>>> print(open('data15.pdb').read())   # PDB, C-alpha atoms
MODEL        1
ATOM      1  CA  MET K   1      19.923  -6.634 -24.164  1.00  0.00           C
ATOM      2  CA  LYS K   2      17.638  -9.563 -23.431  1.00  0.00           C
ATOM      3  CA  LEU K   3      17.297  -8.454 -19.804  1.00  0.00           C
ATOM      4  CA  ALA K   4      16.506  -4.891 -20.888  1.00  0.00           C
ATOM      5  CA  ILE K   5      13.770  -6.082 -23.272  1.00  0.00           C
ATOM      6  CA  THR K   6      12.302  -8.427 -20.674  1.00  0.00           C
ATOM      7  CA  PHE K   7      12.438  -5.694 -18.079  1.00  0.00           C
ATOM      8  CA  LEU K   8      10.611  -3.287 -20.381  1.00  0.00           C
ATOM      9  CA  ALA K   9       7.654  -5.651 -20.359  1.00  0.00           C
ATOM     10  CA  ALA K  10       7.858  -5.822 -16.575  1.00  0.00           C
ATOM     11  CA  LEU K  11       7.969  -2.038 -16.390  1.00  0.00           C
ATOM     12  CA  VAL K  12       4.811  -1.739 -18.472  1.00  0.00           C
ATOM     13  CA  ALA K  13       3.155  -4.126 -16.041  1.00  0.00           C
ATOM     14  CA  SER K  14       4.431  -2.122 -13.064  1.00  0.00           C
ATOM     15  CA  THR K  15       2.848   1.092 -14.299  1.00  0.00           C
ATOM     16  CA  GLN K  16      -0.490  -0.706 -14.409  1.00  0.00           C
ATOM     17  CA  ILE K  17      -0.215  -2.581 -11.108  1.00  0.00           C
ATOM     18  CA  ALA K  18      -1.862   0.030  -8.893  1.00  0.00           C
ATOM     19  CA  ALA K  19      -5.336  -1.238  -8.067  1.00  0.00           C
ATOM     20  CA  PRO K  20      -8.267   0.680  -9.576  1.00  0.00           C
ATOM     21  CA  ILE K  21     -10.105   3.052  -7.302  1.00  0.00           C
ATOM     22  CA  ALA K  22     -13.205   1.861  -5.489  1.00  0.00           C
ATOM     23  CA  HIS K  23     -15.999   4.171  -4.373  1.00  0.00           C
ATOM     24  CA  ALA K  24     -17.380   3.855  -0.873  1.00  0.00           C
ATOM     25  CA  CYS K  25     -20.608   5.566  -1.907  1.00  0.00           C
ATOM     26  CA  GLY K  26     -21.014   3.664  -5.176  1.00  0.00           C
ATOM     27  CA  GLY K  27     -20.734   4.845  -8.768  1.00  0.00           C
ATOM     28  CA  ASP K  28     -17.763   5.792 -10.913  1.00  0.00           C
ATOM     29  CA  TYR K  29     -17.595   9.555 -10.687  1.00  0.00           C
ATOM     30  CA  GLY K  30     -15.121  12.340 -10.059  1.00  0.00           C
ATOM     31  CA  PRO K  31     -11.382  12.312 -10.782  1.00  0.00           C
ATOM     32  CA  ARG K  32      -9.560   9.008 -11.036  1.00  0.00           C
ATOM     33  CA  ALA K  33      -7.158   8.347  -8.180  1.00  0.00           C
ATOM     34  CA  PRO K  34      -3.476   8.729  -9.042  1.00  0.00           C
ATOM     35  CA  ALA K  35      -1.264   5.666  -8.631  1.00  0.00           C
ATOM     36  CA  MET K  36      -0.347   5.167  -4.971  1.00  0.00           C
ATOM     37  CA  PHE K  37       2.488   2.996  -3.672  1.00  0.00           C
ATOM     38  CA  LEU K  38       3.538   1.589  -0.328  1.00  0.00           C
ATOM     39  CA  VAL K  39       6.873   2.787   1.067  1.00  0.00           C
ATOM     40  CA  ALA K  40       8.991   0.164   2.837  1.00  0.00           C
ATOM     41  CA  ALA K  41      12.279   0.319   4.737  1.00  0.00           C
ATOM     42  CA  HIS K  42      14.693  -2.626   4.658  1.00  0.00           C
ATOM     43  CA  HIS K  43      18.326  -2.831   5.784  1.00  0.00           C
ATOM     44  CA  ASP K  44      18.390   0.959   6.350  1.00  0.00           C
ATOM     45  CA  ARG K  45      17.283   1.521   2.747  1.00  0.00           C
ATOM     46  CA  VAL K  46      13.911   2.919   1.630  1.00  0.00           C
ATOM     47  CA  PHE K  47      11.859   1.686  -1.328  1.00  0.00           C
ATOM     48  CA  VAL K  48       8.672   2.643  -3.151  1.00  0.00           C
ATOM     49  CA  LEU K  49       7.015  -0.689  -4.003  1.00  0.00           C
ATOM     50  CA  LEU K  50       5.768  -0.527  -7.603  1.00  0.00           C
ATOM     51  CA  GLY K  51       4.545  -4.127  -7.600  1.00  0.00           C
ATOM     52  CA  GLY K  52       5.570  -4.925 -11.184  1.00  0.00           C
ATOM     53  CA  ALA K  53       6.637  -8.396 -12.276  1.00  0.00           C
ATOM     54  CA  VAL K  54      10.264  -9.502 -12.061  1.00  0.00           C
ATOM     55  CA  PRO K  55      11.677 -11.257 -15.175  1.00  0.00           C
ATOM     56  CA  GLU K  56      11.470 -15.015 -14.605  1.00  0.00           C
ATOM     57  CA  ARG K  57      13.920 -16.249 -17.235  1.00  0.00           C
ATOM     58  CA  GLU K  58      16.885 -14.114 -16.231  1.00  0.00           C
ATOM     59  CA  THR K  59      19.577 -14.771 -13.642  1.00  0.00           C
ATOM     60  CA  ILE K  60      19.152 -12.113 -10.971  1.00  0.00           C
ATOM     61  CA  ALA K  61      21.856 -11.501  -8.374  1.00  0.00           C
ATOM     62  CA  TRP K  62      19.783 -11.293  -5.205  1.00  0.00           C
ATOM     63  CA  LYS K  63      21.503  -9.952  -2.091  1.00  0.00           C
ATOM     64  CA  GLY K  64      20.333  -9.945   1.512  1.00  0.00           C
ATOM     65  CA  ASP K  65      21.745  -9.395   4.973  1.00  0.00           C
ATOM     66  CA  GLU K  66      22.429 -12.812   6.502  1.00  0.00           C
ATOM     67  CA  MET K  67      22.969 -11.245   9.930  1.00  0.00           C
ATOM     68  CA  SER K  68      19.552  -9.573   9.973  1.00  0.00           C
ATOM     69  CA  PHE K  69      16.119 -10.883  10.933  1.00  0.00           C
ATOM     70  CA  ASP K  70      14.852  -8.996   7.882  1.00  0.00           C
ATOM     71  CA  ARG K  71      15.136 -11.604   5.121  1.00  0.00           C
ATOM     72  CA  THR K  72      14.385  -9.121   2.342  1.00  0.00           C
ATOM     73  CA  GLN K  73      16.488  -9.581  -0.795  1.00  0.00           C
ATOM     74  CA  ILE K  74      17.360  -6.840  -3.272  1.00  0.00           C
ATOM     75  CA  ALA K  75      18.877  -6.940  -6.760  1.00  0.00           C
ATOM     76  CA  LYS K  76      19.968  -4.418  -9.358  1.00  0.00           C
ATOM     77  CA  ALA K  77      17.561  -3.607 -12.188  1.00  0.00           C
ATOM     78  CA  PRO K  78      17.854  -1.426 -15.301  1.00  0.00           C
ATOM     79  CA  ALA K  79      17.212   2.245 -14.569  1.00  0.00           C
ATOM     80  CA  LEU K  80      14.025   3.835 -15.838  1.00  0.00           C
ATOM     81  CA  GLY K  81      14.274   5.590 -19.189  1.00  0.00           C
ATOM     82  CA  SER K  82      13.025   8.789 -17.563  1.00  0.00           C
ATOM     83  CA  ALA K  83      12.664   9.783 -13.940  1.00  0.00           C
ATOM     84  CA  MET K  84       9.344   9.105 -12.210  1.00  0.00           C
ATOM     85  CA  GLU K  85       8.071  12.070 -10.207  1.00  0.00           C
ATOM     86  CA  LEU K  86       6.727  11.110  -6.792  1.00  0.00           C
ATOM     87  CA  THR K  87       4.927  12.886  -3.990  1.00  0.00           C
ATOM     88  CA  LEU K  88       6.097  11.496  -0.645  1.00  0.00           C
ATOM     89  CA  VAL K  89       3.249  11.739   1.857  1.00  0.00           C
ATOM     90  CA  GLY K  90       3.699  11.823   5.614  1.00  0.00           C
ATOM     91  CA  PRO K  91       1.793  13.010   8.680  1.00  0.00           C
ATOM     92  CA  ARG K  92       3.958  16.110   9.085  1.00  0.00           C
ATOM     93  CA  ARG K  93       4.776  17.203   5.553  1.00  0.00           C
ATOM     94  CA  THR K  94       4.722  16.349   1.861  1.00  0.00           C
ATOM     95  CA  ARG K  95       7.554  16.743  -0.596  1.00  0.00           C
ATOM     96  CA  THR K  96       8.235  15.753  -4.188  1.00  0.00           C
ATOM     97  CA  MET K  97      11.176  14.051  -5.814  1.00  0.00           C
ATOM     98  CA  ALA K  98      12.040  12.218  -9.030  1.00  0.00           C
ATOM     99  CA  THR K  99      14.129   9.088  -9.519  1.00  0.00           C
ATOM    100  CA  LYS K 100      15.189   6.519 -12.119  1.00  0.00           C
ATOM    101  CA  ASN K 101      16.735   4.218  -9.519  1.00  0.00           C
ATOM    102  CA  GLN K 102      14.774   1.008 -10.005  1.00  0.00           C
ATOM    103  CA  VAL K 103      15.514  -2.292  -8.255  1.00  0.00           C
ATOM    104  CA  PHE K 104      14.059  -5.759  -7.840  1.00  0.00           C
ATOM    105  CA  ILE K 105      12.987  -6.618  -4.293  1.00  0.00           C
ATOM    106  CA  THR K 106      11.388  -9.397  -2.265  1.00  0.00           C
ATOM    107  CA  PRO K 107       9.861  -7.310   0.565  1.00  0.00           C
ATOM    108  CA  VAL K 108       9.094 -10.117   3.009  1.00  0.00           C
ATOM    109  CA  HIS K 109       7.283  -7.909   5.529  1.00  0.00           C
ATOM    110  CA  GLU K 110       4.893  -6.576   2.871  1.00  0.00           C
ATOM    111  CA  SER K 111       4.639  -9.399   0.317  1.00  0.00           C
ATOM    112  CA  ARG K 112       6.115 -12.820  -0.390  1.00  0.00           C
ATOM    113  CA  LYS K 113       6.267 -12.001  -4.094  1.00  0.00           C
ATOM    114  CA  ALA K 114       9.288 -10.438  -5.777  1.00  0.00           C
ATOM    115  CA  MET K 115       8.462  -7.127  -7.434  1.00  0.00           C
ATOM    116  CA  THR K 116       9.870  -3.941  -8.920  1.00  0.00           C
ATOM    117  CA  ALA K 117      10.549  -0.938  -6.710  1.00  0.00           C
ATOM    118  CA  LEU K 118      12.207   2.457  -6.718  1.00  0.00           C
ATOM    119  CA  GLU K 119      14.921   3.134  -4.172  1.00  0.00           C
ATOM    120  CA  ILE K 120      14.644   6.611  -2.683  1.00  0.00           C
ATOM    121  CA  PHE K 121      16.801   8.607  -0.303  1.00  0.00           C
ATOM    122  CA  PRO K 122      14.536  10.622   2.006  1.00  0.00           C
ATOM    123  CA  LYS K 123      15.746  13.118   4.551  1.00  0.00           C
ATOM    124  CA  ALA K 124      16.690  11.744   7.951  1.00  0.00           C
ATOM    125  CA  ASP K 125      13.645  13.271   9.647  1.00  0.00           C
ATOM    126  CA  ASP K 126      11.134  12.272   6.941  1.00  0.00           C
ATOM    127  CA  THR K 127       8.243  10.049   8.019  1.00  0.00           C
ATOM    128  CA  ILE K 128       6.708   8.650   4.837  1.00  0.00           C
ATOM    129  CA  ARG K 129       3.441   6.721   4.725  1.00  0.00           C
ATOM    130  CA  ILE K 130       2.924   6.338   0.953  1.00  0.00           C
ATOM    131  CA  ALA K 131       4.197   7.674  -2.366  1.00  0.00           C
ATOM    132  CA  ILE K 132       1.926   9.017  -5.105  1.00  0.00           C
ATOM    133  CA  GLU K 133       2.898   9.246  -8.757  1.00  0.00           C
ATOM    134  CA  GLY K 134       3.079  12.865  -9.920  1.00  0.00           C
ATOM    135  CA  LYS K 135       3.033  16.157  -8.042  1.00  0.00           C
ATOM    136  CA  HIS K 136       0.084  16.697  -5.691  1.00  0.00           C
ATOM    137  CA  VAL K 137      -1.144  18.686  -2.715  1.00  0.00           C
ATOM    138  CA  THR K 138      -1.803  16.165   0.055  1.00  0.00           C
ATOM    139  CA  THR K 139      -2.571  15.707   3.728  1.00  0.00           C
ATOM    140  CA  TRP K 140      -2.410  12.493   5.747  1.00  0.00           C
ATOM    141  CA  GLN K 141      -4.578  11.248   8.630  1.00  0.00           C
ATOM    142  CA  ASP K 142      -3.301   8.412  10.796  1.00  0.00           C
ATOM    143  CA  LEU K 143      -5.467   5.707  12.339  1.00  0.00           C
ATOM    144  CA  GLU K 144      -6.159   5.050  16.000  1.00  0.00           C
ATOM    145  CA  SER K 145      -6.826   1.451  17.052  1.00  0.00           C
ATOM    146  CA  VAL K 146      -9.785   0.829  19.367  1.00  0.00           C
ATOM    147  CA  ALA K 147     -11.228  -2.336  20.865  1.00  0.00           C
ATOM    148  CA  PRO K 148     -14.163  -3.833  18.920  1.00  0.00           C
ATOM    149  CA  GLY K 149     -17.442  -3.527  20.808  1.00  0.00           C
ATOM    150  CA  LEU K 150     -19.933  -6.328  21.372  1.00  0.00           C
ATOM    151  CA  GLU K 151     -22.152  -4.919  18.608  1.00  0.00           C
ATOM    152  CA  THR K 152     -19.281  -5.113  16.110  1.00  0.00           C
ATOM    153  CA  ILE K 153     -18.426  -8.693  17.109  1.00  0.00           C
ATOM    154  CA  ALA K 154     -22.077  -9.724  16.778  1.00  0.00           C
ATOM    155  CA  TRP K 155     -22.221  -8.085  13.341  1.00  0.00           C
ATOM    156  CA  ALA K 156     -19.160 -10.086  12.213  1.00  0.00           C
ATOM    157  CA  GLN K 157     -20.860 -13.334  13.267  1.00  0.00           C
ATOM    158  CA  ASN K 158     -23.591 -12.857  10.652  1.00  0.00           C
ATOM    159  CA  PRO K 159     -23.727 -16.158   8.681  1.00  0.00           C
ATOM    160  CA  GLY K 160     -24.455 -14.256   5.471  1.00  0.00           C
ATOM    161  CA  PHE K 161     -20.815 -13.308   4.873  1.00  0.00           C
ATOM    162  CA  SER K 162     -19.022 -15.214   2.117  1.00  0.00           C
ATOM    163  CA  PRO K 163     -16.383 -16.180   3.003  1.00  0.00           C
ATOM    164  CA  PRO K 164     -17.375 -16.178   6.689  1.00  0.00           C
ATOM    165  CA  LEU K 165     -15.625 -13.603   8.861  1.00  0.00           C
ATOM    166  CA  ASP K 166     -13.569 -14.667  11.854  1.00  0.00           C
ATOM    167  CA  SER K 167     -15.297 -12.770  14.658  1.00  0.00           C
ATOM    168  CA  THR K 168     -12.354 -13.546  16.959  1.00  0.00           C
ATOM    169  CA  ASN K 169      -9.992 -11.726  14.589  1.00  0.00           C
ATOM    170  CA  ILE K 170     -11.593  -8.292  14.216  1.00  0.00           C
ATOM    171  CA  TYR K 171      -9.721  -4.982  14.252  1.00  0.00           C
ATOM    172  CA  VAL K 172     -11.292  -1.541  14.536  1.00  0.00           C
ATOM    173  CA  ASP K 173      -9.576   1.738  13.655  1.00  0.00           C
ATOM    174  CA  LYS K 174     -10.790   5.299  13.881  1.00  0.00           C
ATOM    175  CA  VAL K 175      -9.554   7.969  11.488  1.00  0.00           C
ATOM    176  CA  LYS K 176      -8.166  10.796  13.589  1.00  0.00           C
ATOM    177  CA  GLY K 177     -10.049  14.040  13.098  1.00  0.00           C
ATOM    178  CA  SER K 178     -13.050  12.450  11.343  1.00  0.00           C
ATOM    179  CA  ASP K 179     -16.153  10.349  12.010  1.00  0.00           C
ATOM    180  CA  LEU K 180     -14.875   7.398   9.958  1.00  0.00           C
ATOM    181  CA  GLU K 181     -14.500   4.021  11.642  1.00  0.00           C
ATOM    182  CA  LEU K 182     -12.886   1.062   9.871  1.00  0.00           C
ATOM    183  CA  ILE K 183     -13.588  -2.592  10.654  1.00  0.00           C
ATOM    184  CA  SER K 184     -11.058  -5.120   9.345  1.00  0.00           C
ATOM    185  CA  ALA K 185     -12.045  -8.775   9.463  1.00  0.00           C
ATOM    186  CA  TYR K 186     -10.244 -11.934   8.412  1.00  0.00           C
ATOM    187  CA  GLY K 187     -11.589 -15.170   7.004  1.00  0.00           C
ATOM    188  CA  SER K 188     -10.445 -15.356   3.369  1.00  0.00           C
ATOM    189  CA  ALA K 189      -8.233 -18.290   2.362  1.00  0.00           C
ATOM    190  CA  ASP K 190      -5.332 -16.025   1.339  1.00  0.00           C
ATOM    191  CA  GLY K 191      -5.240 -14.268   4.705  1.00  0.00           C
ATOM    192  CA  VAL K 192      -6.025 -10.816   3.281  1.00  0.00           C
ATOM    193  CA  ALA K 193      -8.270  -8.654   5.450  1.00  0.00           C
ATOM    194  CA  THR K 194     -11.670  -7.420   4.322  1.00  0.00           C
ATOM    195  CA  THR K 195     -12.347  -3.849   5.429  1.00  0.00           C
ATOM    196  CA  TYR K 196     -15.734  -2.268   6.062  1.00  0.00           C
ATOM    197  CA  ILE K 197     -16.489   1.413   6.659  1.00  0.00           C
ATOM    198  CA  ARG K 198     -18.810   2.919   9.249  1.00  0.00           C
ATOM    199  CA  THR K 199     -19.606   6.537  10.085  1.00  0.00           C
ATOM    200  CA  ALA K 200     -20.889   7.868  13.408  1.00  0.00           C
ATOM    201  CA  GLY K 201     -21.991   4.466  14.687  1.00  0.00           C
ATOM    202  CA  GLY K 202     -24.037   3.581  11.598  1.00  0.00           C
ATOM    203  CA  LYS K 203     -24.159   0.217   9.852  1.00  0.00           C
ATOM    204  CA  PRO K 204     -20.900  -0.925   8.195  1.00  0.00           C
ATOM    205  CA  TRP K 205     -20.741  -1.023   4.415  1.00  0.00           C
ATOM    206  CA  GLY K 206     -18.148  -1.904   1.804  1.00  0.00           C
ATOM    207  CA  GLY K 207     -16.164  -5.108   1.936  1.00  0.00           C
ATOM    208  CA  TYR K 208     -12.872  -3.934   0.379  1.00  0.00           C
ATOM    209  CA  ARG K 209      -9.813  -6.186   0.268  1.00  0.00           C
ATOM    210  CA  GLY K 210      -6.853  -4.896   2.221  1.00  0.00           C
ATOM    211  CA  THR K 211      -5.675  -3.621   5.585  1.00  0.00           C
ATOM    212  CA  PRO K 212      -6.260   0.095   6.263  1.00  0.00           C
ATOM    213  CA  ARG K 213      -3.133   2.239   6.665  1.00  0.00           C
ATOM    214  CA  GLY K 214      -4.643   5.728   6.868  1.00  0.00           C
ATOM    215  CA  VAL K 215      -6.562   8.354   4.930  1.00  0.00           C
ATOM    216  CA  VAL K 216      -4.939  10.648   2.373  1.00  0.00           C
ATOM    217  CA  THR K 217      -6.442  13.752   0.802  1.00  0.00           C
ATOM    218  CA  VAL K 218      -5.051  14.297  -2.700  1.00  0.00           C
ATOM    219  CA  ASP K 219      -5.814  17.593  -4.440  1.00  0.00           C
ATOM    220  CA  GLY K 220      -8.962  17.945  -2.337  1.00  0.00           C
ATOM    221  CA  VAL K 221     -10.230  14.349  -2.738  1.00  0.00           C
ATOM    222  CA  ARG K 222     -10.138  11.996   0.267  1.00  0.00           C
ATOM    223  CA  TYR K 223      -9.138   8.321  -0.050  1.00  0.00           C
ATOM    224  CA  LEU K 224      -8.920   5.445   2.376  1.00  0.00           C
ATOM    225  CA  VAL K 225      -5.570   3.701   1.798  1.00  0.00           C
ATOM    226  CA  LEU K 226      -5.848  -0.102   1.846  1.00  0.00           C
ATOM    227  CA  VAL K 227      -2.856  -2.415   1.399  1.00  0.00           C
ATOM    228  CA  ALA K 228      -2.817  -6.088   0.368  1.00  0.00           C
ATOM    229  CA  ASN K 229       0.358  -7.983  -0.555  1.00  0.00           C
ATOM    230  CA  GLY K 230       2.329  -4.761  -0.856  1.00  0.00           C
ATOM    231  CA  ILE K 231      -0.139  -3.113  -3.268  1.00  0.00           C
ATOM    232  CA  VAL K 232      -2.139   0.022  -2.396  1.00  0.00           C
ATOM    233  CA  SER K 233      -5.845   0.164  -3.258  1.00  0.00           C
ATOM    234  CA  PRO K 234      -7.438   3.591  -2.685  1.00  0.00           C
ATOM    235  CA  VAL K 235     -11.124   3.873  -1.780  1.00  0.00           C
ATOM    236  CA  ARG K 236     -12.720   7.288  -2.149  1.00  0.00           C
ATOM    237  CA  VAL K 237     -14.447   8.250   1.087  1.00  0.00           C
TER     238      VAL K 237
ENDMDL
END
>>> encode(input="data15.pdb", output="structure tokens")
Amino acid sequence: MKLAITFLAALVASTQIAAPIAHACGGDYGPRAPAMFLVAAHHDRVFVLLGGAVPERETIAWKGDEMSFDRTQIAKAPALGSAMELTLVGPRRTRTMATKNQVFITPVHESRKAMTALEIFPKADDTIRIAIEGKHVTTWQDLESVAPGLETIAWAQNPGFSPPLDSTNIYVDKVKGSDLELISAYGSADGVATTYIRTAGGKPWGGYRGTPRGVVTVDGVRYLVLVANGIVSPVRV
């Protein structure tokens, strides 16, 4: 009973963990972004990373695969009281599902912090980029990496950045089928990228924490998907 009560508090935290939406053009307008979650595969199992806190005062039976280079550990957690409906978004198709199957996980490739997650069982040919809470009409645009030009490197060397950007560690991605260009730069003490947005060769703007994963259109609204420490932060673009 104690674990269930403690977990309830963690569950409340998990439903609030999704980062608030940022607006590339400024201002708080239009519909609020639905909660978006990173999807991770470990040991041939697939998880939607909710990012909620794991109870600290309970004994949790973590299990991992000692014969694998993937050092992720997974433990049982109380099932949700009601199933969470999810839209699974991929480059080829979108489908919805609902699950109560919650677990604790330390997803070492995405975050060093233990967190709550939902285990899902997608079809064998599913390619899933993210999961979105609720039922939505979506499309996904992948990114295409390109080499940073001299102009971009010179821009990153501007001494006005705080913290300073590492101009030797710059990544540029183009959004397929659009004029959006994303510049990810490193330099913060925690190692999280800072991402700037540029259109059609214009000046970069923004400065959003996270590494870009792609662009998703949800019910007609387009968002840049940024990920930091396993948590998705959408930016309306």
>>> residues_around(input="data15.pdb", residues="K:Arg71", least_positions_apart="2", cutoff="10 Å", atoms="only C-alpha atoms", output="list in words")
His42, His43, Lys63, Gly64, Asp65, Glu66, Met67, Ser68, Phe69, Gln73, Ile74, Thr106, Pro107, Val108 and His109 of chain K
>>> closest_residue(input="data15.pdb", among="K:Ala156, K:Leu224, K:Val235, K:Val89", to="K:Glu133", atoms="only C-alpha atoms")
K:Val89
>>> resolve_selection(input="data15.pdb", expression="the PyMOL selection byres ((chain K and resi 98) around 7)", output="JSON, numbers by chain")
{"K": [83, 84, 85, 86, 97, 99]}
>>> closest_residue(input="data15.pdb", among="K:Arg112, K:Lys176, K:Val237, K:Ala61", to="K:Gly206", atoms="all atoms listed in the file")
K:Val237
>>> resolve_selection(input="data15.pdb", expression="the PyMOL selection byres ((chain K and resi 198) around 12)", output="PyMOL selection string")
chain K and resi 24-25+152+172-175+178-184+195-197+199-207+237
>>> write_last_selection(input="data15.pdb", atoms="C-alpha atoms", output="compact mmCIF listing (two decimals), in the frame of the given file")
# COMPACT_ATOMS: atom_id res chain seq x y z
CA ALA K 24 -17.38 3.86 -0.87
CA CYS K 25 -20.61 5.57 -1.91
CA THR K 152 -19.28 -5.11 16.11
CA VAL K 172 -11.29 -1.54 14.54
CA ASP K 173 -9.58 1.74 13.66
CA LYS K 174 -10.79 5.30 13.88
CA VAL K 175 -9.55 7.97 11.49
CA SER K 178 -13.05 12.45 11.34
CA ASP K 179 -16.15 10.35 12.01
CA LEU K 180 -14.88 7.40 9.96
CA GLU K 181 -14.50 4.02 11.64
CA LEU K 182 -12.89 1.06 9.87
CA ILE K 183 -13.59 -2.59 10.65
CA SER K 184 -11.06 -5.12 9.35
CA THR K 195 -12.35 -3.85 5.43
CA TYR K 196 -15.73 -2.27 6.06
CA ILE K 197 -16.49 1.41 6.66
CA THR K 199 -19.61 6.54 10.09
CA ALA K 200 -20.89 7.87 13.41
CA GLY K 201 -21.99 4.47 14.69
CA GLY K 202 -24.04 3.58 11.60
CA LYS K 203 -24.16 0.22 9.85
CA PRO K 204 -20.90 -0.92 8.20
CA TRP K 205 -20.74 -1.02 4.42
CA GLY K 206 -18.15 -1.90 1.80
CA GLY K 207 -16.16 -5.11 1.94
CA VAL K 237 -14.45 8.25 1.09
>>> residues_around(input="data15.pdb", residues="K:Arg45", least_positions_apart="5", cutoff="10 Å", atoms="all atoms listed in the file", output="list in words")
Ala40, Glu119, Ile120, Phe121 and Pro122 of chain K
>>> write_last_selection(input="data15.pdb", atoms="C-alpha atoms", output="JSON list (two decimals), in the coordinates of the input")
[["chain", "number", "residue", "atom", "x", "y", "z"],
["K", 40, "ALA", "CA", 8.99, 0.16, 2.84],
["K", 119, "GLU", "CA", 14.92, 3.13, -4.17],
["K", 120, "ILE", "CA", 14.64, 6.61, -2.68],
["K", 121, "PHE", "CA", 16.80, 8.61, -0.30],
["K", 122, "PRO", "CA", 14.54, 10.62, 2.01]]
>>> closest_residue(input="data15.pdb", among="K:Gly187, K:Thr72, K:Ala131, K:Ser82", to="K:Met36", atoms="all atoms listed in the file")
K:Ala131
>>> atom_distance(input="data15.pdb", atom1="atom CA of K:Gly220", atom2="atom CA of K:Trp140")
11.7 Å
>>> atom_distance(input="data15.pdb", atom1="atom CA of K:Lys100", atom2="atom CA of K:Ala77")
10.4 Å
>>> closest_residue(input="data15.pdb", among="K:Ser162, K:Arg32, K:Ala117, K:Leu80", to="K:Val46", atoms="only C-alpha atoms")
K:Ala117
>>> closest_residue(input="data15.pdb", among="K:Asp44, K:Thr59, K:Ile170, K:Leu226", to="K:Ala124", atoms="all atoms listed in the file")
K:Asp44
>>> decode(input="data15.pdb", residues="stretch 95-111 of chain K", atoms="N, CA and C atoms", output="mmCIF file, in the first residue's frame")
data_model
loop_
_atom_site.group_PDB
_atom_site.id
_atom_site.type_symbol
_atom_site.label_atom_id
_atom_site.label_comp_id
_atom_site.auth_asym_id
_atom_site.auth_seq_id
_atom_site.Cartn_x
_atom_site.Cartn_y
_atom_site.Cartn_z
ATOM 1 N N ARG K 95 -0.802 5.711 -35.564
ATOM 2 C CA ARG K 95 -1.890 4.893 -35.034
ATOM 3 C C ARG K 95 -2.049 5.176 -33.549
ATOM 4 N N THR K 96 -3.203 4.824 -33.014
ATOM 5 C CA THR K 96 -3.487 5.079 -31.605
ATOM 6 C C THR K 96 -3.587 3.770 -30.845
ATOM 7 N N MET K 97 -3.306 3.867 -29.553
ATOM 8 C CA MET K 97 -3.426 2.718 -28.671
ATOM 9 C C MET K 97 -3.638 3.243 -27.259
ATOM 10 N N ALA K 98 -3.984 2.358 -26.344
ATOM 11 C CA ALA K 98 -4.149 2.725 -24.939
ATOM 12 C C ALA K 98 -3.514 1.644 -24.082
ATOM 13 N N THR K 99 -2.880 2.055 -22.978
ATOM 14 C CA THR K 99 -2.211 1.088 -22.116
ATOM 15 C C THR K 99 -2.194 1.564 -20.676
ATOM 16 N N LYS K 100 -2.185 0.596 -19.752
ATOM 17 C CA LYS K 100 -1.990 0.843 -18.325
ATOM 18 C C LYS K 100 -0.619 0.350 -17.866
ATOM 19 N N ASN K 101 0.144 -0.221 -18.776
ATOM 20 C CA ASN K 101 1.336 -0.993 -18.429
ATOM 21 C C ASN K 101 2.522 -0.087 -18.100
ATOM 22 N N GLN K 102 2.564 0.381 -16.866
ATOM 23 C CA GLN K 102 3.603 1.318 -16.452
ATOM 24 C C GLN K 102 4.779 0.583 -15.807
ATOM 25 N N VAL K 103 5.980 1.111 -16.036
ATOM 26 C CA VAL K 103 7.198 0.539 -15.469
ATOM 27 C C VAL K 103 8.086 1.673 -14.976
ATOM 28 N N PHE K 104 9.108 1.290 -14.198
ATOM 29 C CA PHE K 104 10.206 2.193 -13.880
ATOM 30 C C PHE K 104 11.363 1.829 -14.805
ATOM 31 N N ILE K 105 12.132 2.839 -15.235
ATOM 32 C CA ILE K 105 13.211 2.570 -16.180
ATOM 33 C C ILE K 105 14.354 3.557 -15.971
ATOM 34 N N THR K 106 15.571 3.079 -16.173
ATOM 35 C CA THR K 106 16.741 3.960 -16.252
ATOM 36 C C THR K 106 17.246 3.884 -17.689
ATOM 37 N N PRO K 107 16.741 4.742 -18.574
ATOM 38 C CA PRO K 107 17.066 4.656 -20.007
ATOM 39 C C PRO K 107 18.411 5.308 -20.311
ATOM 40 N N VAL K 108 19.498 4.552 -20.183
ATOM 41 C CA VAL K 108 20.830 5.151 -20.183
ATOM 42 C C VAL K 108 21.174 5.872 -21.484
ATOM 43 N N HIS K 109 20.573 5.487 -22.598
ATOM 44 C CA HIS K 109 20.883 6.177 -23.850
ATOM 45 C C HIS K 109 20.175 7.528 -23.938
ATOM 46 N N GLU K 110 19.093 7.700 -23.208
ATOM 47 C CA GLU K 110 18.313 8.937 -23.271
ATOM 48 C C GLU K 110 18.493 9.820 -22.045
ATOM 49 N N SER K 111 18.725 9.214 -20.879
ATOM 50 C CA SER K 111 18.843 9.985 -19.641
ATOM 51 C C SER K 111 19.509 9.125 -18.582
#
